[in-house]
Amino acid sequence: MLSVENVTKKYGSFTALEDISLTFERGVYGLLAPNGAGKTTLIKMLVTLLFPTGGVIRWDGRDILSMGGDWRGMVGYLPQQFGYYKSCSPRSFMAYMAALQCMDRKTARPRIDQLLDLVGLSDVRDRKMRAFSGGMLQRVGIAQAMLTDPAVLILDEPTAGLDPKERVRFRNLIHSLASDRIVILSTHIVSDIETIADRIVLLRDHKLYACDSPASICRQLAGKIYAVPAGTSLGPGDLPLSEYQGEAGAMVRVFSEAPPAGAAAVTPGLEDAFLYIYRDGQT
Amino acid sequence: MSGALIKWELKKLWSLPMVPIFLALCLGLDLFAAGITWYEQRDAAEAAAYIADVTGQVGRRMGPELDAALAALPERPLRDALAASVAGKKDVYEGYDAAWTGEDLIRSFGVTGPAADLIRAKFEKFQASVDALAALDVSLDMAAAYVTSELYPHLLMTLCRLVTGEGLLFAMLLALYAAGSERVSRTEQTVYATRRGRAVQKSKWAASLLSALGSYMLLCLVTVGVFACLWRLGPIWGESVSTQFYVLPFFGYFLTWRPFTLAGYLAAELALGLGLVVVFHSLAAAAGLLAGDMYRGFLALFVLMAVSVAGTSMAGNAGLWGLYLAGFFLPTMLWMDVGTWFTHGQIDTLFRDQELVVLGLWLVLAGLLFLAACRRFARKDVV
Ligand SMILES: Nc1ncnc2c1ncn2[C@@H]1O[C@H](COP(=O)(O)OP(=O)(O)OP(=O)(O)O)[C@@H](O)[C@H]1O
Ligand SMILES: [Mg+2]
């Protein structure tokens, strides 16, 4: 079990995260928050790239900082900006990562081929990554994160740059992987996690806002989301969330305590919750 | 530090085009420097080859016997020139007063105060070494005779300065690159979040050190090899480097604390250079880690080195002799004295084997500095 206990991170005088307490057990955790909310900051502390200004992170009661390499060896990590060696092939890049993970060559080799196959890169595994598209690189990144079959898989915006097919494939993959490990992933894309996350972690004002299942986050808005045709005049307490093209023309989803005239109640989705929670440009 | 990782880091280092290109440029420069001097001094080279050749027949020790043996050789201009240059040579180290040399140097450089006393004391101790050299009659070694004063500085100063300088520069660049490459390729986060983590810097240190040492040895080997092919010195290699023909301006006879042959001195000089390569490599690796960026690390290192050299020479000009002498305990100033290592050290050193003491000191200091930099780095945010 991974627990974050009263963790604060400051960059100079700027507080990026304040007094975060969370526990992670088996399953998928989605970090869902706007740009600049501190997702990457939290994730980097989990992989010991950043050191908390206050508080402690523990794995089964042990401080991960004192565990050092033992901790990092249990973690697979895909950074938000996944850098790579341009003149390296995915295979040799993975072999280098395996050496850094202190895996021996005999176990690493088949594992690398298997992973590259899993992310659909078998055909190009010996090609230089210089010529890869953004999505292909991202898949190399996902593969390297899983190299050690980690107990904790931490992915910072793993689906950025993936096409819809890969995105679905990735979602399925994460879902299957999460049965016996912790998967923590950050994203802005609600659909990436809506269906697979056991819990959604929401950060607001640099603090933990909620850590709950998608269903119960949505439930808080139950009966308060309505769809109205675009152009309908709204009451003072009404909050337009998003527009969409309905069968009868342009529509707006609205948060409202009392149903506006001509409105139809709709089932709140995670996106509605996201837009509602971060309604005033809050981070 | 695992062998597998060091191998990876070596591969990464040498797959960077700049690395082999820099090494090739250094080799080219060495070949050019050795070649151009030889070309300009073909006459001297021919003379040296002749001298080496006849040494086998007439012996190496100058004196009446050698003069007679030379006279018996077939007549030719080279023989006459050689005979003229060796005729009537005495053992100049017999009765040589080291204290007088010291006093002379102190006076001509204008050293004053306690520094002058320290230098005086050194030359007093140096007398025993001169006496030992005198007992061995090494001043009577013919060596390359009248060619010596051009040839030896070319080899022991110019070429050695070039090769060691290249070795040091290359070592620093390798260390800085190794320490900073993950930042450049933006792979820091991926690499430092692995089990090995930031400690991979130790493998990088080892890989760049191995590369630096290997390259330095290659530079030495090629340069000395080419020199030895161009200048056929034969038995001269085995004669004393302290022959009376080797005289340097503002320095006098090339007197050493212990006797060296030419080959032995060259080997000792290049070996000390090897030690300096290790020192500068670790200093650069530490600078790269502390600065967190190889360009800034390079700049910081460059400024420090320039300040140390300029500061020392300015201290000398300003008559701050204590500071001047202290400057020679820095690795940069140690390198500046390449070519006169293991000699009486003029007004730059204070005791026998100061070079070795300074080297040993900095091997330890640079190693500690690198370890301290690693510790700091292990606790630094990767942003
Ligand atoms: N090295 C740094 N120095 C100063 N401030 C920083 C630094 N890194 C991040 N920040 C600030 O901390 C806050 C959180 O940044 P972080 O990268 O964690 O956000 P994020 O949620 O990952 O955003 P995004 O969705 O854009 O990736 C931001 O306001 C950012 O400006
Ligand atoms: Mg981020």
# chains A, B, ... in the order shown; residues from 1 in each chain; ligands from 1
call {"tool": "select_by_dssp", "arguments": {"residues": "segment 125-292 of chain B", "states": "alpha helix (DSSP H)", "output": "VMD selection string"}}
result
chain B and resid 125 to 135 148 to 152 160 to 184 188 to 192 200 to 230 262 to 291
call {"tool": "closest_atom_pairs", "arguments": {"of": "chain B", "to": "chain A", "cutoff": "6 Å", "atoms": "only C-alpha atoms", "output": "tab-separated table"}}
result
residue	atom	partner	partner_atom	distance
B:Arg186	CA	A:Gly83	CA	4.7
B:Thr187	CA	A:Gly83	CA	4.5
B:Ala193	CA	A:Val47	CA	5.9
B:Thr194	CA	A:Gln101	CA	5.5
B:Arg195	CA	A:Gly73	CA	4.3
B:Arg196	CA	A:Leu100	CA	5.3
B:Asp381	CA	A:Leu50	CA	4.6
B:Val382	CA	A:Leu49	CA	5.2
call {"tool": "write_last_selection", "arguments": {"atoms": "N, CA and C atoms", "output": "CSV table (one decimal), in the first residue's frame"}}
result
chain,number,residue,atom,x,y,z
B,186,ARG,N,16.9,15.1,-22.8
B,186,ARG,CA,15.7,15.1,-22.0
B,186,ARG,C,15.2,13.8,-21.5
B,187,THR,N,16.2,13.0,-21.1
B,187,THR,CA,15.9,11.6,-20.6
B,187,THR,C,16.1,11.5,-19.1
B,193,ALA,N,14.6,7.8,-12.6
B,193,ALA,CA,13.5,7.2,-11.9
B,193,ALA,C,13.6,5.6,-11.9
B,194,THR,N,14.7,5.1,-12.4
B,194,THR,CA,14.9,3.7,-12.4
B,194,THR,C,15.6,3.3,-11.1
B,195,ARG,N,15.7,2.0,-11.0
B,195,ARG,CA,16.3,1.4,-9.8
B,195,ARG,C,17.7,2.0,-9.5
B,196,ARG,N,18.5,2.1,-10.6
B,196,ARG,CA,19.8,2.6,-10.4
B,196,ARG,C,19.7,4.1,-10.1
B,381,ASP,N,16.2,18.0,-6.7
B,381,ASP,CA,15.0,17.8,-7.5
B,381,ASP,C,15.4,17.8,-9.0
B,382,VAL,N,14.8,16.8,-9.7
B,382,VAL,CA,14.9,16.8,-11.2
B,382,VAL,C,13.7,17.5,-11.7
call {"tool": "residues_near_ligand", "arguments": {"ligand": "ligand 1", "cutoff": "9 Å", "atoms": "only C-alpha atoms and all ligand atoms", "output": "ChimeraX atom specification"}}
result
/A:9-17,31-44,80,156-157,186-188,203,206,283 /B:381-383
call {"tool": "residues_around", "arguments": {"residues": "Gly59 of chain B", "least_positions_apart": "6", "cutoff": "12 Å", "atoms": "only C-alpha atoms", "output": "list in words"}}
result
Ile51, Ala52, Asp53, Glu65, Leu66, Asp67, Ala68, Ala69, Leu70, Leu140, Asp141, Met142, Ala143, Pro235, Ile236 and Glu239 of chain B
call {"tool": "closest_residue", "arguments": {"among": "A:Arg167, A:Pro158, A:Trp59, A:Ser179", "to": "ligand 2", "atoms": "only C-alpha atoms and all ligand atoms"}}
result
A:Pro158
call {"tool": "residues_around", "arguments": {"residues": "segment 268-280 of chain B", "least_positions_apart": "2", "cutoff": "10 Å", "atoms": "only C-alpha atoms", "output": "PyMOL selection string"}}
result
chain B and resi 156-157+160-161+163-173+175+209-210+212-214+216-217+220+260+262-266+282-286+301+331-332+334-335+338-342+355-356+358-367
call {"tool": "select_by_dssp", "arguments": {"residues": "segment 32-183 of chain A", "states": "strand (DSSP E or B)", "output": "ChimeraX atom specification"}}
result
/A:32,54-59,62-63,75-78,152-156,182-183
call {"tool": "write_last_selection", "arguments": {"atoms": "N, CA and C atoms", "output": "mmCIF file, in the first residue's frame"}}
result
data_model
loop_
_atom_site.group_PDB
_atom_site.id
_atom_site.type_symbol
_atom_site.label_atom_id
_atom_site.label_comp_id
_atom_site.auth_asym_id
_atom_site.auth_seq_id
_atom_site.Cartn_x
_atom_site.Cartn_y
_atom_site.Cartn_z
ATOM 1 N N LEU A 32 -7.057 13.707 -12.174
ATOM 2 C CA LEU A 32 -7.752 14.514 -13.158
ATOM 3 C C LEU A 32 -7.768 15.944 -12.639
ATOM 4 N N GLY A 54 7.438 19.036 2.666
ATOM 5 C CA GLY A 54 6.969 18.549 3.958
ATOM 6 C C GLY A 54 6.195 17.268 3.742
ATOM 7 N N GLY A 55 6.057 16.484 4.804
ATOM 8 C CA GLY A 55 5.300 15.245 4.694
ATOM 9 C C GLY A 55 6.153 14.101 4.210
ATOM 10 N N VAL A 56 5.528 12.940 4.095
ATOM 11 C CA VAL A 56 6.297 11.746 3.751
ATOM 12 C C VAL A 56 5.433 10.820 2.904
ATOM 13 N N ILE A 57 6.098 10.062 2.056
ATOM 14 C CA ILE A 57 5.396 9.076 1.226
ATOM 15 C C ILE A 57 5.909 7.701 1.640
ATOM 16 N N ARG A 58 4.997 6.797 1.918
ATOM 17 C CA ARG A 58 5.409 5.487 2.419
ATOM 18 C C ARG A 58 4.874 4.361 1.557
ATOM 19 N N TRP A 59 5.671 3.323 1.468
ATOM 20 C CA TRP A 59 5.231 2.074 0.853
ATOM 21 C C TRP A 59 5.236 1.020 1.953
ATOM 22 N N ARG A 62 7.110 2.033 4.920
ATOM 23 C CA ARG A 62 8.509 2.483 4.813
ATOM 24 C C ARG A 62 8.601 3.731 3.948
ATOM 25 N N ASP A 63 9.371 4.685 4.403
ATOM 26 C CA ASP A 63 9.587 5.915 3.648
ATOM 27 C C ASP A 63 10.243 5.570 2.304
ATOM 28 N N VAL A 75 8.710 0.465 -9.284
ATOM 29 C CA VAL A 75 7.852 1.451 -9.939
ATOM 30 C C VAL A 75 8.174 1.528 -11.425
ATOM 31 N N GLY A 76 7.138 1.570 -12.236
ATOM 32 C CA GLY A 76 7.326 1.880 -13.651
ATOM 33 C C GLY A 76 6.827 3.292 -13.863
ATOM 34 N N TYR A 77 7.548 4.055 -14.661
ATOM 35 C CA TYR A 77 7.215 5.481 -14.771
ATOM 36 C C TYR A 77 7.329 5.971 -16.205
ATOM 37 N N LEU A 78 6.297 6.639 -16.622
ATOM 38 C CA LEU A 78 6.345 7.328 -17.913
ATOM 39 C C LEU A 78 6.219 8.824 -17.642
ATOM 40 N N VAL A 152 3.876 -0.817 -8.950
ATOM 41 C CA VAL A 152 3.219 0.482 -9.059
ATOM 42 C C VAL A 152 3.569 1.060 -10.421
ATOM 43 N N LEU A 153 2.540 1.336 -11.196
ATOM 44 C CA LEU A 153 2.768 1.874 -12.533
ATOM 45 C C LEU A 153 2.267 3.313 -12.538
ATOM 46 N N ILE A 154 3.158 4.242 -12.849
ATOM 47 C CA ILE A 154 2.809 5.656 -12.765
ATOM 48 C C ILE A 154 3.008 6.299 -14.130
ATOM 49 N N LEU A 155 1.932 6.811 -14.681
ATOM 50 C CA LEU A 155 1.997 7.323 -16.045
ATOM 51 C C LEU A 155 1.486 8.758 -16.078
ATOM 52 N N ASP A 156 2.328 9.650 -16.566
ATOM 53 C CA ASP A 156 1.949 11.063 -16.615
ATOM 54 C C ASP A 156 1.471 11.393 -18.025
ATOM 55 N N ILE A 182 -0.959 -1.257 -8.500
ATOM 56 C CA ILE A 182 -1.468 0.111 -8.467
ATOM 57 C C ILE A 182 -1.114 0.778 -9.787
ATOM 58 N N VAL A 183 -2.096 1.369 -10.417
ATOM 59 C CA VAL A 183 -1.813 2.165 -11.607
ATOM 60 C C VAL A 183 -2.269 3.588 -11.330
#
call {"tool": "residues_around", "arguments": {"residues": "Asp123 of chain A", "least_positions_apart": "5", "cutoff": "12 Å", "atoms": "only C-alpha atoms", "output": "list in words"}}
result
Ser89, Pro90, Arg91, Asp113, Leu116, Asp117, Leu118, Lys128 and Met136 of chain A
call {"tool": "write_last_selection", "arguments": {"atoms": "all heavy atoms", "output": "tab-separated table (two decimals), in the first residue's frame"}}
result
chain	number	residue	atom	x	y	z
A	89	SER	N	17.41	2.53	-31.22
A	89	SER	CA	16.18	1.83	-31.61
A	89	SER	C	15.40	1.54	-30.32
A	89	SER	O	15.98	1.55	-29.25
A	89	SER	CB	16.53	0.53	-32.32
A	89	SER	OG	17.12	-0.36	-31.40
A	90	PRO	N	14.09	1.28	-30.46
A	90	PRO	CA	13.31	0.97	-29.25
A	90	PRO	C	13.93	-0.18	-28.48
A	90	PRO	O	14.00	-0.17	-27.26
A	90	PRO	CB	11.95	0.58	-29.80
A	90	PRO	CG	11.85	1.20	-31.12
A	90	PRO	CD	13.24	1.31	-31.67
A	91	ARG	N	14.43	-1.14	-29.22
A	91	ARG	CA	14.97	-2.32	-28.57
A	91	ARG	C	16.21	-2.00	-27.75
A	91	ARG	O	16.34	-2.44	-26.60
A	91	ARG	CB	15.34	-3.33	-29.64
A	91	ARG	CG	15.00	-4.73	-29.28
A	91	ARG	CD	15.50	-5.57	-30.38
A	91	ARG	NE	14.99	-6.92	-30.29
A	91	ARG	CZ	15.30	-7.84	-31.18
A	91	ARG	NH1	16.03	-7.51	-32.23
A	91	ARG	NH2	14.83	-9.05	-31.03
A	113	ASP	N	11.01	-7.82	-26.11
A	113	ASP	CA	10.31	-8.15	-27.35
A	113	ASP	C	8.81	-8.30	-27.11
A	113	ASP	O	7.99	-7.85	-27.91
A	113	ASP	CB	10.89	-9.45	-27.93
A	113	ASP	CG	12.29	-9.19	-28.50
A	113	ASP	OD1	12.63	-8.01	-28.69
A	113	ASP	OD2	13.02	-10.16	-28.73
A	116	LEU	N	7.30	-4.78	-26.64
A	116	LEU	CA	7.22	-4.01	-27.89
A	116	LEU	C	6.10	-4.57	-28.76
A	116	LEU	O	5.43	-3.84	-29.49
A	116	LEU	CB	8.57	-4.05	-28.62
A	116	LEU	CG	9.64	-3.20	-27.95
A	116	LEU	CD1	10.99	-3.37	-28.64
A	116	LEU	CD2	9.26	-1.72	-27.93
A	117	ASP	N	5.89	-5.86	-28.66
A	117	ASP	CA	4.79	-6.49	-29.37
A	117	ASP	C	3.46	-5.98	-28.81
A	117	ASP	O	2.54	-5.63	-29.55
A	117	ASP	CB	4.91	-8.00	-29.22
A	117	ASP	CG	3.98	-8.71	-30.19
A	117	ASP	OD1	3.84	-8.21	-31.31
A	117	ASP	OD2	3.40	-9.74	-29.79
A	118	LEU	N	3.41	-5.92	-27.50
A	118	LEU	CA	2.19	-5.49	-26.82
A	118	LEU	C	1.77	-4.08	-27.23
A	118	LEU	O	0.59	-3.78	-27.39
A	118	LEU	CB	2.43	-5.54	-25.31
A	118	LEU	CG	1.22	-5.39	-24.40
A	118	LEU	CD1	0.33	-6.61	-24.53
A	118	LEU	CD2	1.67	-5.22	-22.96
A	128	LYS	N	15.68	3.31	-35.94
A	128	LYS	CA	16.04	4.44	-35.07
A	128	LYS	C	14.81	5.27	-34.72
A	128	LYS	O	13.95	5.50	-35.56
A	128	LYS	CB	17.07	5.31	-35.78
A	128	LYS	CG	18.40	4.61	-35.85
A	128	LYS	CD	19.51	5.54	-36.24
A	128	LYS	CE	20.82	4.79	-36.08
A	128	LYS	NZ	21.93	5.41	-36.75
A	136	MET	N	4.12	6.92	-31.61
A	136	MET	CA	5.02	5.76	-31.52
A	136	MET	C	5.97	5.93	-30.34
A	136	MET	O	6.22	4.99	-29.58
A	136	MET	CB	5.81	5.60	-32.82
A	136	MET	CG	4.97	5.12	-33.99
A	136	MET	SD	5.79	5.49	-35.55
A	136	MET	CE	6.79	4.04	-35.76
call {"tool": "atom_distance", "arguments": {"atom1": "atom CA of Gly56 of chain B", "atom2": "atom CA of Thr37 of chain B"}}
result
26.2 Å
call {"tool": "residues_around", "arguments": {"residues": "Met333 of chain B", "least_positions_apart": "3", "cutoff": "9 Å", "atoms": "only C-alpha atoms", "output": "compact mmCIF listing (two decimals) with N, CA and C atoms, in the first residue's frame"}}
result
# COMPACT_ATOMS: atom_id res chain seq x y z
N SER B 308 42.90 30.70 -11.63
CA SER B 308 44.02 30.12 -10.89
C SER B 308 45.35 30.40 -11.59
N VAL B 309 45.33 30.30 -12.91
CA VAL B 309 46.58 30.54 -13.66
C VAL B 309 46.93 32.03 -13.66
N THR B 312 47.95 33.25 -10.15
CA THR B 312 49.30 32.86 -9.73
C THR B 312 50.35 33.72 -10.41
N GLY B 327 50.16 28.88 -5.41
CA GLY B 327 49.50 28.59 -6.69
C GLY B 327 49.98 27.29 -7.31
N PHE B 328 51.22 26.94 -7.05
CA PHE B 328 51.75 25.71 -7.65
C PHE B 328 51.28 24.45 -6.93
N PHE B 329 50.41 24.64 -5.96
CA PHE B 329 49.76 23.48 -5.36
C PHE B 329 48.41 23.23 -6.02
N LEU B 330 48.13 24.01 -7.07
CA LEU B 330 46.89 23.79 -7.82
C LEU B 330 47.20 22.94 -9.05
N MET B 336 51.04 23.61 -15.86
CA MET B 336 51.82 24.66 -16.52
C MET B 336 53.31 24.36 -16.50
N ASP B 337 53.75 23.63 -15.48
CA ASP B 337 55.17 23.34 -15.34
C ASP B 337 55.60 22.05 -16.06
call {"tool": "closest_residue", "arguments": {"among": "A:Val228, A:Met146, A:Leu185, A:Ile217", "to": "ligand 2", "atoms": "only C-alpha atoms and all ligand atoms"}}
result
A:Leu185
call {"tool": "residues_around", "arguments": {"residues": "segment 12-22 of chain B", "least_positions_apart": "4", "cutoff": "9 Å", "atoms": "only C-alpha atoms", "output": "ChimeraX atom specification"}}
result
/A:87 /B:7-8,26-27,170,173-174,177-178,181,204,207-208,211
